[in-house]
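For reference, structure_18.pdb (PDB, C-alpha atoms):
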MODEL        1
ATOM      1  CA  MET X   1    -105.322 -10.306  54.627
ATOM      2  CA  LYS X   2    -106.426 -10.238  51.025
ATOM      3  CA  GLU X   3    -104.495  -7.767  48.948
ATOM      4  CA  TYR X   4    -104.374  -7.388  45.253
ATOM      5  CA  PRO X   5    -101.644  -9.809  44.142
ATOM      6  CA  GLN X   6     -99.368  -7.072  42.806
ATOM      7  CA  ALA X   7     -98.907  -5.712  46.353
ATOM      8  CA  ALA X   8     -96.923  -8.798  47.373
ATOM      9  CA  VAL X   9     -94.670  -8.486  44.302
ATOM     10  CA  GLU X  10     -94.080  -4.797  45.025
ATOM     11  CA  ALA X  11     -93.212  -5.486  48.669
ATOM     12  CA  GLN X  12     -90.743  -8.141  47.506
ATOM     13  CA  ASN X  13     -89.166  -5.773  44.938
ATOM     14  CA  ALA X  14     -88.788  -3.066  47.599
ATOM     15  CA  ALA X  15     -87.135  -5.612  49.926
ATOM     16  CA  THR X  16     -84.759  -6.725  47.143
ATOM     17  CA  LEU X  17     -83.721  -3.132  46.412
ATOM     18  CA  ARG X  18     -83.141  -2.529  50.130
ATOM     19  CA  GLN X  19     -81.023  -5.680  50.351
ATOM     20  CA  PHE X  20     -79.032  -4.601  47.266
ATOM     21  CA  LEU X  21     -77.927  -1.428  49.090
ATOM     22  CA  GLU X  22     -77.363  -3.237  52.392
ATOM     23  CA  GLU X  23     -75.118  -5.884  50.813
ATOM     24  CA  SER X  24     -72.825  -3.053  49.663
ATOM     25  CA  ASP X  25     -72.621  -1.880  53.284
ATOM     26  CA  LYS X  26     -71.787  -5.457  54.325
ATOM     27  CA  ARG X  27     -69.114  -5.580  51.570
ATOM     28  CA  ASN X  28     -70.888  -8.660  50.254
ATOM     29  CA  LEU X  29     -71.116  -7.821  46.565
ATOM     30  CA  ASP X  30     -71.330 -11.512  45.637
ATOM     31  CA  ALA X  31     -74.972 -11.195  46.697
ATOM     32  CA  TRP X  32     -75.546  -8.751  43.837
ATOM     33  CA  ARG X  33     -75.119 -11.671  41.434
ATOM     34  CA  GLU X  34     -78.155 -13.293  43.125
ATOM     35  CA  LEU X  35     -80.228 -10.120  43.319
ATOM     36  CA  CYS X  36     -79.581  -8.908  39.769
ATOM     37  CA  ALA X  37     -80.252 -10.387  36.356
ATOM     38  CA  SER X  38     -77.113 -11.548  34.525
ATOM     39  CA  ASP X  39     -77.675  -8.895  31.830
ATOM     40  CA  TYR X  40     -78.118  -6.155  34.478
ATOM     41  CA  GLN X  41     -77.238  -2.649  33.341
ATOM     42  CA  LEU X  42     -76.509   0.457  35.384
ATOM     43  CA  HIS X  43     -77.175   3.886  33.908
ATOM     44  CA  PHE X  44     -75.349   6.356  36.124
ATOM     45  CA  ALA X  45     -75.723  10.040  35.295
ATOM     46  CA  GLY X  46     -74.507  10.622  31.725
ATOM     47  CA  ASN X  47     -72.062   7.714  31.679
ATOM     48  CA  PRO X  48     -72.205   4.771  29.259
ATOM     49  CA  PRO X  49     -74.150   1.801  30.737
ATOM     50  CA  MET X  50     -72.209  -0.481  33.100
ATOM     51  CA  SER X  51     -72.582  -4.262  33.320
ATOM     52  CA  LEU X  52     -73.121  -5.980  36.664
ATOM     53  CA  GLU X  53     -69.418  -6.836  36.961
ATOM     54  CA  GLU X  54     -68.450  -3.249  36.106
ATOM     55  CA  HIS X  55     -70.851  -1.924  38.742
ATOM     56  CA  ILE X  56     -69.391  -4.347  41.283
ATOM     57  CA  GLN X  57     -65.867  -3.090  40.425
ATOM     58  CA  ALA X  58     -66.956   0.555  40.676
ATOM     59  CA  ASN X  59     -68.604  -0.072  44.052
ATOM     60  CA  LYS X  60     -65.462  -1.855  45.252
ATOM     61  CA  ALA X  61     -63.270   1.063  44.133
ATOM     62  CA  GLY X  62     -65.493   3.266  46.313
ATOM     63  CA  THR X  63     -65.396   1.047  49.380
ATOM     64  CA  ASP X  64     -61.599   0.574  49.033
ATOM     65  CA  ALA X  65     -61.115   4.349  49.115
ATOM     66  CA  PHE X  66     -63.859   4.926  51.720
ATOM     67  CA  PRO X  67     -63.603   1.934  54.083
ATOM     68  CA  ASP X  68     -66.490   3.200  56.269
ATOM     69  CA  PHE X  69     -68.780   3.899  53.270
ATOM     70  CA  ARG X  70     -72.460   3.465  54.247
ATOM     71  CA  HIS X  71     -75.923   4.019  52.785
ATOM     72  CA  THR X  72     -78.722   5.409  54.911
ATOM     73  CA  ILE X  73     -81.956   4.597  53.095
ATOM     74  CA  GLU X  74     -84.332   7.539  53.330
ATOM     75  CA  ASP X  75     -87.115   6.306  51.064
ATOM     76  CA  ILE X  76     -88.118   3.200  49.135
ATOM     77  CA  VAL X  77     -91.177   3.278  46.880
ATOM     78  CA  ALA X  78     -92.306   0.352  44.703
ATOM     79  CA  GLN X  79     -94.944   0.231  42.010
ATOM     80  CA  GLY X  80     -95.519  -2.381  39.349
ATOM     81  CA  ASP X  81     -92.162  -3.751  38.194
ATOM     82  CA  ARG X  82     -90.213  -0.715  39.441
ATOM     83  CA  ALA X  83     -88.817   0.430  42.760
ATOM     84  CA  VAL X  84     -87.166   3.707  43.682
ATOM     85  CA  PHE X  85     -84.758   4.539  46.484
ATOM     86  CA  ARG X  86     -83.418   7.749  47.981
ATOM     87  CA  ALA X  87     -80.363   7.505  50.205
ATOM     88  CA  THR X  88     -77.709   9.486  52.025
ATOM     89  CA  LEU X  89     -74.139   8.192  51.681
ATOM     90  CA  ASN X  90     -71.470   8.730  54.315
ATOM     91  CA  GLY X  91     -67.822   7.885  54.442
ATOM     92  CA  THR X  92     -64.254   9.020  54.961
ATOM     93  CA  HIS X  93     -61.784   9.499  52.128
ATOM     94  CA  GLN X  94     -58.868   7.278  53.190
ATOM     95  CA  GLY X  95     -57.599   5.699  49.980
ATOM     96  CA  THR X  96     -57.097   6.903  46.404
ATOM     97  CA  TYR X  97     -60.369   7.627  44.641
ATOM     98  CA  MET X  98     -60.484   8.479  40.932
ATOM     99  CA  GLY X  99     -56.868   9.564  41.084
ATOM    100  CA  MET X 100     -57.228  11.585  44.310
ATOM    101  CA  PRO X 101     -55.061  10.332  47.151
ATOM    102  CA  GLY X 102     -56.826   9.958  50.512
ATOM    103  CA  THR X 103     -57.495  13.252  52.281
ATOM    104  CA  GLY X 104     -58.968  11.911  55.525
ATOM    105  CA  ARG X 105     -62.033  14.073  54.886
ATOM    106  CA  ALA X 106     -65.484  12.858  55.901
ATOM    107  CA  PHE X 107     -68.285  13.368  53.401
ATOM    108  CA  ARG X 108     -72.018  13.049  53.109
ATOM    109  CA  TYR X 109     -73.904  13.152  49.823
ATOM    110  CA  THR X 110     -77.163  11.977  48.313
ATOM    111  CA  ALA X 111     -78.257   9.496  45.684
ATOM    112  CA  MET X 112     -81.464   8.269  44.113
ATOM    113  CA  GLY X 113     -82.085   5.231  41.979
ATOM    114  CA  MET X 114     -84.808   3.578  39.982
ATOM    115  CA  ALA X 115     -84.689  -0.189  39.566
ATOM    116  CA  HIS X 116     -86.586  -2.186  36.947
ATOM    117  CA  PHE X 117     -87.389  -5.758  37.968
ATOM    118  CA  ARG X 118     -87.723  -8.867  35.836
ATOM    119  CA  ASP X 119     -88.688 -12.203  37.431
ATOM    120  CA  GLY X 120     -87.898 -10.803  40.887
ATOM    121  CA  LYS X 121     -84.396  -9.644  39.925
ATOM    122  CA  ILE X 122     -83.041  -6.170  39.269
ATOM    123  CA  ALA X 123     -82.641  -6.039  35.498
ATOM    124  CA  GLU X 124     -81.806  -2.380  35.017
ATOM    125  CA  MET X 125     -80.958   0.531  37.298
ATOM    126  CA  TRP X 126     -80.834   4.290  36.817
ATOM    127  CA  MET X 127     -78.937   6.294  39.437
ATOM    128  CA  GLU X 128     -78.176   9.916  40.161
ATOM    129  CA  ALA X 129     -75.875  11.164  42.886
ATOM    130  CA  ASP X 130     -74.664  14.543  44.053
ATOM    131  CA  PHE X 131     -71.113  13.846  42.832
ATOM    132  CA  LEU X 132     -70.318  17.564  42.639
ATOM    133  CA  GLY X 133     -71.195  17.798  46.346
ATOM    134  CA  LEU X 134     -68.997  14.767  47.086
ATOM    135  CA  PHE X 135     -65.960  16.163  45.224
ATOM    136  CA  GLN X 136     -66.392  19.596  46.778
ATOM    137  CA  GLN X 137     -66.277  17.981  50.219
ATOM    138  CA  LEU X 138     -63.076  16.211  49.151
ATOM    139  CA  GLY X 139     -61.487  19.591  48.438
ATOM    140  CA  MET X 140     -62.168  20.041  44.730
ATOM    141  CA  GLU X 141     -63.838  22.924  42.953
ATOM    142  CA  LEU X 142     -65.226  23.667  39.510
ATOM    143  CA  LYS X 143     -62.935  25.815  37.365
ATOM    144  CA  PRO X 144     -62.924  26.688  33.679
ATOM    145  CA  LYS X 145     -61.038  23.977  31.816
ATOM    146  CA  ALA X 146     -57.422  24.890  31.238
ATOM    147  CA  PRO X 147     -56.762  25.334  27.497
ATOM    148  CA  ALA X 148     -54.860  22.386  25.989
ATOM    149  CA  LYS X 149     -51.155  23.103  25.734
TER     150      LYS X 149
ATOM    151  CA  MET O   1    -138.107 -38.354  71.413
ATOM    152  CA  LYS O   2    -136.759 -39.233  67.984
ATOM    153  CA  ARG O   3    -138.532 -36.183  66.520
ATOM    154  CA  GLY O   4    -136.927 -34.033  69.187
ATOM    155  CA  VAL O   5    -133.464 -35.217  68.179
ATOM    156  CA  GLU O   6    -134.212 -34.609  64.528
ATOM    157  CA  ARG O   7    -135.431 -31.120  65.317
ATOM    158  CA  TYR O   8    -132.258 -30.496  67.249
ATOM    159  CA  TRP O   9    -130.103 -31.557  64.295
ATOM    160  CA  VAL O  10    -132.118 -29.507  61.830
ATOM    161  CA  SER O  11    -131.837 -26.370  63.900
ATOM    162  CA  ALA O  12    -128.135 -27.000  64.493
ATOM    163  CA  LEU O  13    -127.658 -27.411  60.747
ATOM    164  CA  VAL O  14    -129.565 -24.211  60.049
ATOM    165  CA  CYS O  15    -127.396 -22.429  62.568
ATOM    166  CA  VAL O  16    -124.220 -23.712  60.926
ATOM    167  CA  VAL O  17    -125.435 -22.782  57.451
ATOM    168  CA  LEU O  18    -126.463 -19.321  58.630
ATOM    169  CA  LEU O  19    -123.119 -18.827  60.347
ATOM    170  CA  LEU O  20    -121.294 -19.963  57.230
ATOM    171  CA  CYS O  21    -123.327 -17.598  55.034
ATOM    172  CA  PHE O  22    -122.700 -14.767  57.452
ATOM    173  CA  SER O  23    -118.962 -15.305  57.618
ATOM    174  CA  LEU O  24    -118.706 -15.712  53.831
ATOM    175  CA  ALA O  25    -120.633 -12.481  53.384
ATOM    176  CA  CYS O  26    -118.277 -10.786  55.844
ATOM    177  CA  GLN O  27    -115.216 -12.099  54.070
ATOM    178  CA  ASP O  28    -116.657 -10.954  50.798
ATOM    179  CA  LYS O  29    -117.374  -7.549  52.267
ATOM    180  CA  ALA O  30    -113.827  -7.271  53.639
ATOM    181  CA  ALA O  31    -112.370  -8.283  50.273
ATOM    182  CA  MET O  32    -114.601  -5.754  48.513
ATOM    183  CA  ALA O  33    -113.554  -3.031  50.940
ATOM    184  CA  GLU O  34    -109.915  -3.934  50.355
ATOM    185  CA  LEU O  35    -110.399  -3.805  46.600
ATOM    186  CA  GLU O  36    -112.203  -0.462  46.906
ATOM    187  CA  LYS O  37    -109.277   0.871  48.922
ATOM    188  CA  PHE O  38    -106.785  -0.172  46.233
ATOM    189  CA  ARG O  39    -108.975   1.300  43.497
ATOM    190  CA  ALA O  40    -109.290   4.600  45.352
ATOM    191  CA  GLN O  41    -105.520   4.635  45.931
ATOM    192  CA  ALA O  42    -104.834   3.908  42.255
ATOM    193  CA  ALA O  43    -107.155   6.769  41.265
ATOM    194  CA  VAL O  44    -105.289   9.194  43.556
ATOM    195  CA  GLU O  45    -101.951   8.011  42.170
ATOM    196  CA  GLN O  46    -103.181   8.573  38.618
ATOM    197  CA  GLN O  47    -104.294  12.096  39.526
ATOM    198  CA  ASN O  48    -100.915  12.770  41.127
ATOM    199  CA  VAL O  49     -99.084  11.613  37.984
ATOM    200  CA  ALA O  50    -101.329  13.876  35.878
ATOM    201  CA  LEU O  51    -100.595  16.814  38.201
ATOM    202  CA  VAL O  52     -96.821  16.324  38.083
ATOM    203  CA  THR O  53     -96.902  15.883  34.290
ATOM    204  CA  LYS O  54     -98.812  19.168  34.041
ATOM    205  CA  VAL O  55     -96.268  20.945  36.273
ATOM    206  CA  PHE O  56     -93.347  19.939  34.013
ATOM    207  CA  ASP O  57     -95.397  20.738  30.874
ATOM    208  CA  GLU O  58     -96.111  24.227  32.201
ATOM    209  CA  LEU O  59     -92.461  24.726  33.159
ATOM    210  CA  ASN O  60     -91.540  23.782  29.583
ATOM    211  CA  LYS O  61     -93.846  26.617  28.505
ATOM    212  CA  LYS O  62     -92.125  28.886  31.084
ATOM    213  CA  ASN O  63     -95.474  29.460  32.727
ATOM    214  CA  THR O  64     -94.472  30.673  36.191
ATOM    215  CA  GLU O  65     -98.110  30.805  37.331
ATOM    216  CA  VAL O  66     -97.725  27.097  37.950
ATOM    217  CA  TYR O  67     -95.862  27.908  41.188
ATOM    218  CA  GLN O  68     -98.876  29.724  42.640
ATOM    219  CA  GLU O  69    -101.424  27.291  41.236
ATOM    220  CA  LEU O  70     -99.952  23.846  41.814
ATOM    221  CA  TYR O  71     -97.400  24.295  44.618
ATOM    222  CA  ALA O  72     -98.485  24.559  48.261
ATOM    223  CA  PRO O  73     -97.645  27.902  49.934
ATOM    224  CA  ASP O  74     -95.231  26.186  52.367
ATOM    225  CA  TYR O  75     -93.596  24.095  49.598
ATOM    226  CA  GLY O  76     -89.912  23.222  49.971
ATOM    227  CA  TRP O  77     -87.498  22.156  47.195
ATOM    228  CA  HIS O  78     -84.702  19.990  48.607
ATOM    229  CA  PHE O  79     -81.833  20.018  46.121
ATOM    230  CA  PRO O  80     -79.614  18.071  46.620
ATOM    231  CA  SER O  81     -82.180  15.771  48.163
ATOM    232  CA  ASN O  82     -80.859  15.955  51.743
ATOM    233  CA  ASN O  83     -80.757  19.745  51.781
ATOM    234  CA  PRO O  84     -82.621  20.294  55.059
ATOM    235  CA  LYS O  85     -83.879  23.776  54.289
ATOM    236  CA  GLY O  86     -85.787  23.560  51.045
ATOM    237  CA  LEU O  87     -86.093  26.502  48.705
ATOM    238  CA  THR O  88     -89.506  28.162  48.790
ATOM    239  CA  ARG O  89     -91.673  28.148  45.669
ATOM    240  CA  GLU O  90     -90.693  31.802  45.088
ATOM    241  CA  GLU O  91     -87.009  30.855  45.313
ATOM    242  CA  GLU O  92     -87.540  27.952  42.937
ATOM    243  CA  GLU O  93     -89.258  30.319  40.510
ATOM    244  CA  GLY O  94     -86.174  32.570  40.672
ATOM    245  CA  PHE O  95     -83.960  29.537  40.021
ATOM    246  CA  SER O  96     -86.045  28.561  36.968
ATOM    247  CA  LYS O  97     -85.846  32.110  35.581
ATOM    248  CA  MET O  98     -82.062  32.064  36.050
ATOM    249  CA  LEU O  99     -81.889  28.777  34.066
ATOM    250  CA  TRP O 100     -84.180  30.082  31.316
ATOM    251  CA  ALA O 101     -82.017  33.202  30.969
ATOM    252  CA  GLY O 102     -78.955  30.998  30.374
ATOM    253  CA  PHE O 103     -80.761  28.306  28.344
ATOM    254  CA  PRO O 104     -83.827  29.869  26.679
ATOM    255  CA  ASP O 105     -84.760  26.599  24.904
ATOM    256  CA  MET O 106     -84.447  24.480  28.055
ATOM    257  CA  ARG O 107     -86.919  21.590  28.343
ATOM    258  CA  TYR O 108     -87.653  18.709  30.684
ATOM    259  CA  ASP O 109     -88.114  15.348  29.025
ATOM    260  CA  LEU O 110     -89.878  12.993  31.468
ATOM    261  CA  LYS O 111     -88.548   9.477  30.901
ATOM    262  CA  GLU O 112     -90.680   7.602  33.412
ATOM    263  CA  MET O 113     -92.748   8.072  36.538
ATOM    264  CA  VAL O 114     -93.595   5.928  39.542
ATOM    265  CA  ALA O 115     -96.447   6.905  41.854
ATOM    266  CA  ARG O 116     -97.156   5.292  45.184
ATOM    267  CA  GLY O 117     -99.332   6.769  47.913
ATOM    268  CA  ASP O 118     -98.824  10.540  47.906
ATOM    269  CA  LYS O 119     -95.366  10.340  46.261
ATOM    270  CA  VAL O 120     -94.516  10.704  42.593
ATOM    271  CA  MET O 121     -91.044   9.865  41.359
ATOM    272  CA  VAL O 122     -89.810  11.207  38.035
ATOM    273  CA  ARG O 123     -86.717  10.251  36.059
ATOM    274  CA  PHE O 124     -85.963  13.008  33.585
ATOM    275  CA  ILE O 125     -83.448  14.479  31.201
ATOM    276  CA  THR O 126     -83.185  18.206  30.732
ATOM    277  CA  GLY O 127     -81.150  20.177  28.276
ATOM    278  CA  GLY O 128     -80.821  23.381  26.320
ATOM    279  CA  THR O 129     -78.493  25.708  24.478
ATOM    280  CA  HIS O 130     -76.217  27.944  26.524
ATOM    281  CA  SER O 131     -77.117  31.197  24.809
ATOM    282  CA  GLY O 132     -77.317  33.539  27.807
ATOM    283  CA  GLU O 133     -75.161  34.222  30.864
ATOM    284  CA  TYR O 134     -75.342  31.403  33.407
ATOM    285  CA  GLN O 135     -73.647  31.459  36.814
ATOM    286  CA  GLY O 136     -71.103  33.992  35.635
ATOM    287  CA  LEU O 137     -70.347  32.042  32.442
ATOM    288  CA  PRO O 138     -70.821  34.093  29.274
ATOM    289  CA  PRO O 139     -72.828  32.222  26.609
ATOM    290  CA  THR O 140     -70.865  29.484  24.854
ATOM    291  CA  GLY O 141     -73.554  28.344  22.391
ATOM    292  CA  LYS O 142     -73.024  24.786  23.643
ATOM    293  CA  LYS O 143     -75.895  22.329  23.771
ATOM    294  CA  VAL O 144     -75.962  20.573  27.140
ATOM    295  CA  GLU O 145     -78.049  17.737  28.503
ATOM    296  CA  ALA O 146     -78.092  15.976  31.869
ATOM    297  CA  SER O 147     -80.241  13.559  33.839
ATOM    298  CA  GLY O 148     -81.951  13.818  37.190
ATOM    299  CA  MET O 149     -84.443  12.267  39.549
ATOM    300  CA  TRP O 150     -87.174  14.003  41.456
ATOM    301  CA  ILE O 151     -89.546  12.781  44.166
ATOM    302  CA  GLY O 152     -92.515  15.005  44.881
ATOM    303  CA  GLN O 153     -95.167  14.679  47.557
ATOM    304  CA  VAL O 154     -98.698  15.659  46.561
ATOM    305  CA  ILE O 155    -101.385  16.510  49.095
ATOM    306  CA  ASP O 156    -104.849  17.772  48.112
ATOM    307  CA  GLY O 157    -103.784  18.465  44.539
ATOM    308  CA  LYS O 158    -100.698  20.543  45.419
ATOM    309  CA  ILE O 159     -97.021  19.686  45.527
ATOM    310  CA  VAL O 160     -95.966  20.137  49.158
ATOM    311  CA  ASN O 161     -92.295  19.255  48.740
ATOM    312  CA  ALA O 162     -89.825  17.847  46.259
ATOM    313  CA  LYS O 163     -86.449  16.167  46.606
ATOM    314  CA  GLU O 164     -84.071  16.174  43.685
ATOM    315  CA  ASP O 165     -80.685  14.846  42.643
ATOM    316  CA  PHE O 166     -79.324  16.023  39.313
ATOM    317  CA  ASP O 167     -76.063  15.528  37.420
ATOM    318  CA  VAL O 168     -74.867  19.095  38.047
ATOM    319  CA  LEU O 169     -71.274  17.960  37.559
ATOM    320  CA  GLY O 170     -72.015  16.591  34.068
ATOM    321  CA  TRP O 171     -73.952  19.764  33.225
ATOM    322  CA  MET O 172     -71.058  22.027  34.259
ATOM    323  CA  GLN O 173     -68.432  19.833  32.547
ATOM    324  CA  GLN O 174     -70.345  20.165  29.277
ATOM    325  CA  LEU O 175     -70.120  23.949  29.732
ATOM    326  CA  GLY O 176     -66.335  23.689  29.824
ATOM    327  CA  MET O 177     -65.745  23.463  33.572
ATOM    328  CA  GLU O 178     -63.642  20.845  35.318
ATOM    329  CA  LEU O 179     -62.884  19.688  38.851
ATOM    330  CA  ARG O 180     -59.587  20.877  40.258
ATOM    331  CA  PRO O 181     -58.067  20.830  43.733
ATOM    332  CA  LYS O 182     -59.211  23.955  45.535
ATOM    333  CA  GLU O 183     -56.531  26.617  45.509
ATOM    334  CA  ALA O 184     -55.575  28.181  48.808
ATOM    335  CA  LYS O 185     -57.124  31.633  49.082
ATOM    336  CA  LYS O 186     -54.665  34.339  48.073
ATOM    337  CA  LYS O 187     -54.365  37.352  50.320
TER     338      LYS O 187
ENDMDL
END
Here is a file; write its structure as structure tokens.
Amino acid sequence: MKEYPQAAVEAQNAATLRQFLEESDKRNLDAWRELCASDYQLHFAGNPPMSLEEHIQANKAGTDAFPDFRHTIEDIVAQGDRAVFRATLNGTHQGTYMGMPGTGRAFRYTAMGMAHFRDGKIAEMWMEADFLGLFQQLGMELKPKAPAK
Amino acid sequence: MKRGVERYWVSALVCVVLLLCFSLACQDKAAMAELEKFRAQAAVEQQNVALVTKVFDELNKKNTEVYQELYAPDYGWHFPSNNPKGLTREEEEGFSKMLWAGFPDMRYDLKEMVARGDKVMVRFITGGTHSGEYQGLPPTGKKVEASGMWIGQVIDGKIVNAKEDFDVLGWMQQLGMELRPKEAKKK
């Protein structure tokens, strides 16, 4: 079937983004070094940009604390040199996560991401996640900051 | 006899040429149809991007008529994005008014958009000054800013649903809140 050539590139970018999320579920983060450009940057919420190695470490910290951590991909949309995903994330809090010892609680929260591709590799990623929802399920709540003593 | 053979070859050749022309024309037609399809799709996607841009522009002007004009009557706002029961457009209007009361100068800054089929994805930053009461917090005068992503579905020129994830935690932390282990309810 004849398609406009961009369609094949977009399908490939969508497949790469899907594989990126699946490799995390397979605990095969070495694959990220193949799927991403070496100068990859992650922009997550309001945090300073993370390098590929920093993102790998952050993902590993998550899967160490949540050994059954999984993505369910709800949506993948690709256009031009960009692809977008929407996912639900499930897991159980068994190890220490960001200073919180394991609670045994199961959680389910959402995330979305936009990937920019360069030469078939993910060069830059923007992500948002319902972290407030995650922490609330782990037994935290928002309170006014205690005044410094 | 020889003439008969020649005639046979000529007619066979004509047949082959005709068949070739026909199949080339068909292929050409199929390719044209395919191209037309992509062009039509691209036009719809452009319209959808224009519609979504207009929605955020109008919200920046606090024009609540946008909910009646550009949202479908059975619209649902899924926030966070897996919230199964979306807020209605009337409920979303109430939510916007609550935000504008707390942050009268609040604005959406659309960073980039991706449109494919009937979906439009927006990456945005929104911010404002906390100069009114917001979720029980008296005004602090703080300027806050946080990022989000939004995927809307557009059918016949109306937004039929939207799914959103937003850095609510970052937003609340900038207002002076923090995460703490939930205290057991006192009796």
Taking all atoms listed in the file into account and nothing else, which residues of chain O lie no more than 6 Å away from chain X? Please answer as a compact mmCIF listing (two decimals) with C-alpha atoms, in the frame of the given file.
# COMPACT_ATOMS: atom_id res chain seq x y z
CA SER O 147 -80.24 13.56 33.84
CA ASP O 167 -76.06 15.53 37.42
CA LEU O 169 -71.27 17.96 37.56
CA GLY O 176 -66.33 23.69 29.82
CA MET O 177 -65.74 23.46 33.57
CA GLU O 178 -63.64 20.84 35.32
CA LEU O 179 -62.88 19.69 38.85
CA ARG O 180 -59.59 20.88 40.26
CA PRO O 181 -58.07 20.83 43.73
CA LYS O 182 -59.21 23.96 45.54
Gap from CA of Gln174 (chain O) to CA of Pro139 (chain O) - Å, one decimal: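 Answer for the CA of Gln174 (chain O) to CA of Pro139 (chain O) separation: 12.6 Å.
Taking only C-alpha atoms, the non-local environment of Ala15 (chain X) within 12 Å (same-chain residues fewer than 3 positions away omitted) comprises Ala8, Val9, Glu10, Ala11, Gln12, Arg18, Gln19, Phe20, Leu21, Glu22, Leu35, Ile73, Asp75, Ile76, Val77, Ala78, Arg82, Ala83, Val84, Phe85, Ala115, Phe117, Gly120, Lys121 and Ile122 of chain X.
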Residues returned when the PyMOL selection byres ((chain X and resi 31) around 12) runs on this file, as a ChimeraX atom specification: /X:16-17,19-30,32-37,52,56,121
Interatomic distance, CA of Val168 (chain O) to CA of Leu70 (chain O) (Å, one decimal):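 Spanning CA of Val168 (chain O) to CA of Leu70 (chain O) is a straight-line distance of 25.8 Å.
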Can you tell me, as an mmCIF file with C-alpha atoms, in the frame of the given file, what residues are no more than 8 Å from Gly104 (chain X) when counting only C-alpha atoms, ignoring any on the same chain fewer than 6 positions away?
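Output file part-v1.cif is given in full below:
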data_model
loop_
_atom_site.group_PDB
_atom_site.id
_atom_site.type_symbol
_atom_site.label_atom_id
_atom_site.label_comp_id
_atom_site.auth_asym_id
_atom_site.auth_seq_id
_atom_site.Cartn_x
_atom_site.Cartn_y
_atom_site.Cartn_z
ATOM 1 C CA THR X 92 -64.254 9.020 54.961
ATOM 2 C CA HIS X 93 -61.784 9.499 52.128
ATOM 3 C CA GLN X 94 -58.868 7.278 53.190
#
Can you tell me which residues surround Val52 (chain O) at a distance of at most 12 Å, considering only C-alpha atoms, apart from same-chain residues fewer than 6 positions away, and format the answer as a PDB file with C-alpha atoms, in the frame of the given file?
ATOM      1  CA  GLU O  45    -101.951   8.011  42.170  1.00  0.00           C
ATOM      2  CA  GLN O  46    -103.181   8.573  38.618  1.00  0.00           C
ATOM      3  CA  GLU O  58     -96.111  24.227  32.201  1.00  0.00           C
ATOM      4  CA  LEU O  59     -92.461  24.726  33.159  1.00  0.00           C
ATOM      5  CA  VAL O  66     -97.725  27.097  37.950  1.00  0.00           C
ATOM      6  CA  LEU O  70     -99.952  23.846  41.814  1.00  0.00           C
ATOM      7  CA  TYR O  71     -97.400  24.295  44.618  1.00  0.00           C
ATOM      8  CA  LEU O 110     -89.878  12.993  31.468  1.00  0.00           C
ATOM      9  CA  GLU O 112     -90.680   7.602  33.412  1.00  0.00           C
ATOM     10  CA  MET O 113     -92.748   8.072  36.538  1.00  0.00           C
ATOM     11  CA  VAL O 114     -93.595   5.928  39.542  1.00  0.00           C
ATOM     12  CA  ALA O 115     -96.447   6.905  41.854  1.00  0.00           C
ATOM     13  CA  ASP O 118     -98.824  10.540  47.906  1.00  0.00           C
ATOM     14  CA  LYS O 119     -95.366  10.340  46.261  1.00  0.00           C
ATOM     15  CA  VAL O 120     -94.516  10.704  42.593  1.00  0.00           C
ATOM     16  CA  MET O 121     -91.044   9.865  41.359  1.00  0.00           C
ATOM     17  CA  VAL O 122     -89.810  11.207  38.035  1.00  0.00           C
ATOM     18  CA  ARG O 123     -86.717  10.251  36.059  1.00  0.00           C
ATOM     19  CA  TRP O 150     -87.174  14.003  41.456  1.00  0.00           C
ATOM     20  CA  ILE O 151     -89.546  12.781  44.166  1.00  0.00           C
ATOM     21  CA  GLY O 152     -92.515  15.005  44.881  1.00  0.00           C
ATOM     22  CA  GLN O 153     -95.167  14.679  47.557  1.00  0.00           C
ATOM     23  CA  VAL O 154     -98.698  15.659  46.561  1.00  0.00           C
ATOM     24  CA  ILE O 155    -101.385  16.510  49.095  1.00  0.00           C
ATOM     25  CA  GLY O 157    -103.784  18.465  44.539  1.00  0.00           C
ATOM     26  CA  LYS O 158    -100.698  20.543  45.419  1.00  0.00           C
ATOM     27  CA  ILE O 159     -97.021  19.686  45.527  1.00  0.00           C
ATOM     28  CA  VAL O 160     -95.966  20.137  49.158  1.00  0.00           C
ATOM     29  CA  ASN O 161     -92.295  19.255  48.740  1.00  0.00           C
ATOM     30  CA  ALA O 162     -89.825  17.847  46.259  1.00  0.00           C
TER      31      ALA O 162
END
One-decimal distance in Å that lies between CA of Leu87 (chain O) and CA of Ala43 (chain O):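 Answer for the CA of Ala43 (chain O) to CA of Leu87 (chain O) separation: 29.8 Å.
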Please return the centre and edge lengths, in Å to one decimal, of a box with edges along x, y and z that contains all listed atoms of region 93-102 of chain O, widened by 4 Å on every side, as lines of an AutoDock Vina configuration file.
center_x = -84.1
center_y = 30.9
center_z = 35.5
size_x = 18.3
size_y = 12.6
size_z = 18.3
His78 (chain O) environment, 9 Å, all atoms listed in the file, sequence neighbours closer than 2 positions dropped, as a ChimeraX atom specification: /O:76,80-87,161-165
Neighbour residues at most 12 Å from (-108.9, 1.7, 46.8) (all atoms listed in the file) as an MDAnalysis selection string: (chainID X and resid 3:4) or (chainID O and resid 31:45 117)
Expected selection from the PyMOL selection byres ((chain O and resi 99-106) around 8), given as a count of residues only: 17
Close residues, Gln68 (chain O) itself excluded, 10 Å, all atoms listed in the file, min 5 positions apart in chain, as JSON, numbers by chain: {"O": [73, 89, 90, 93, 158]}
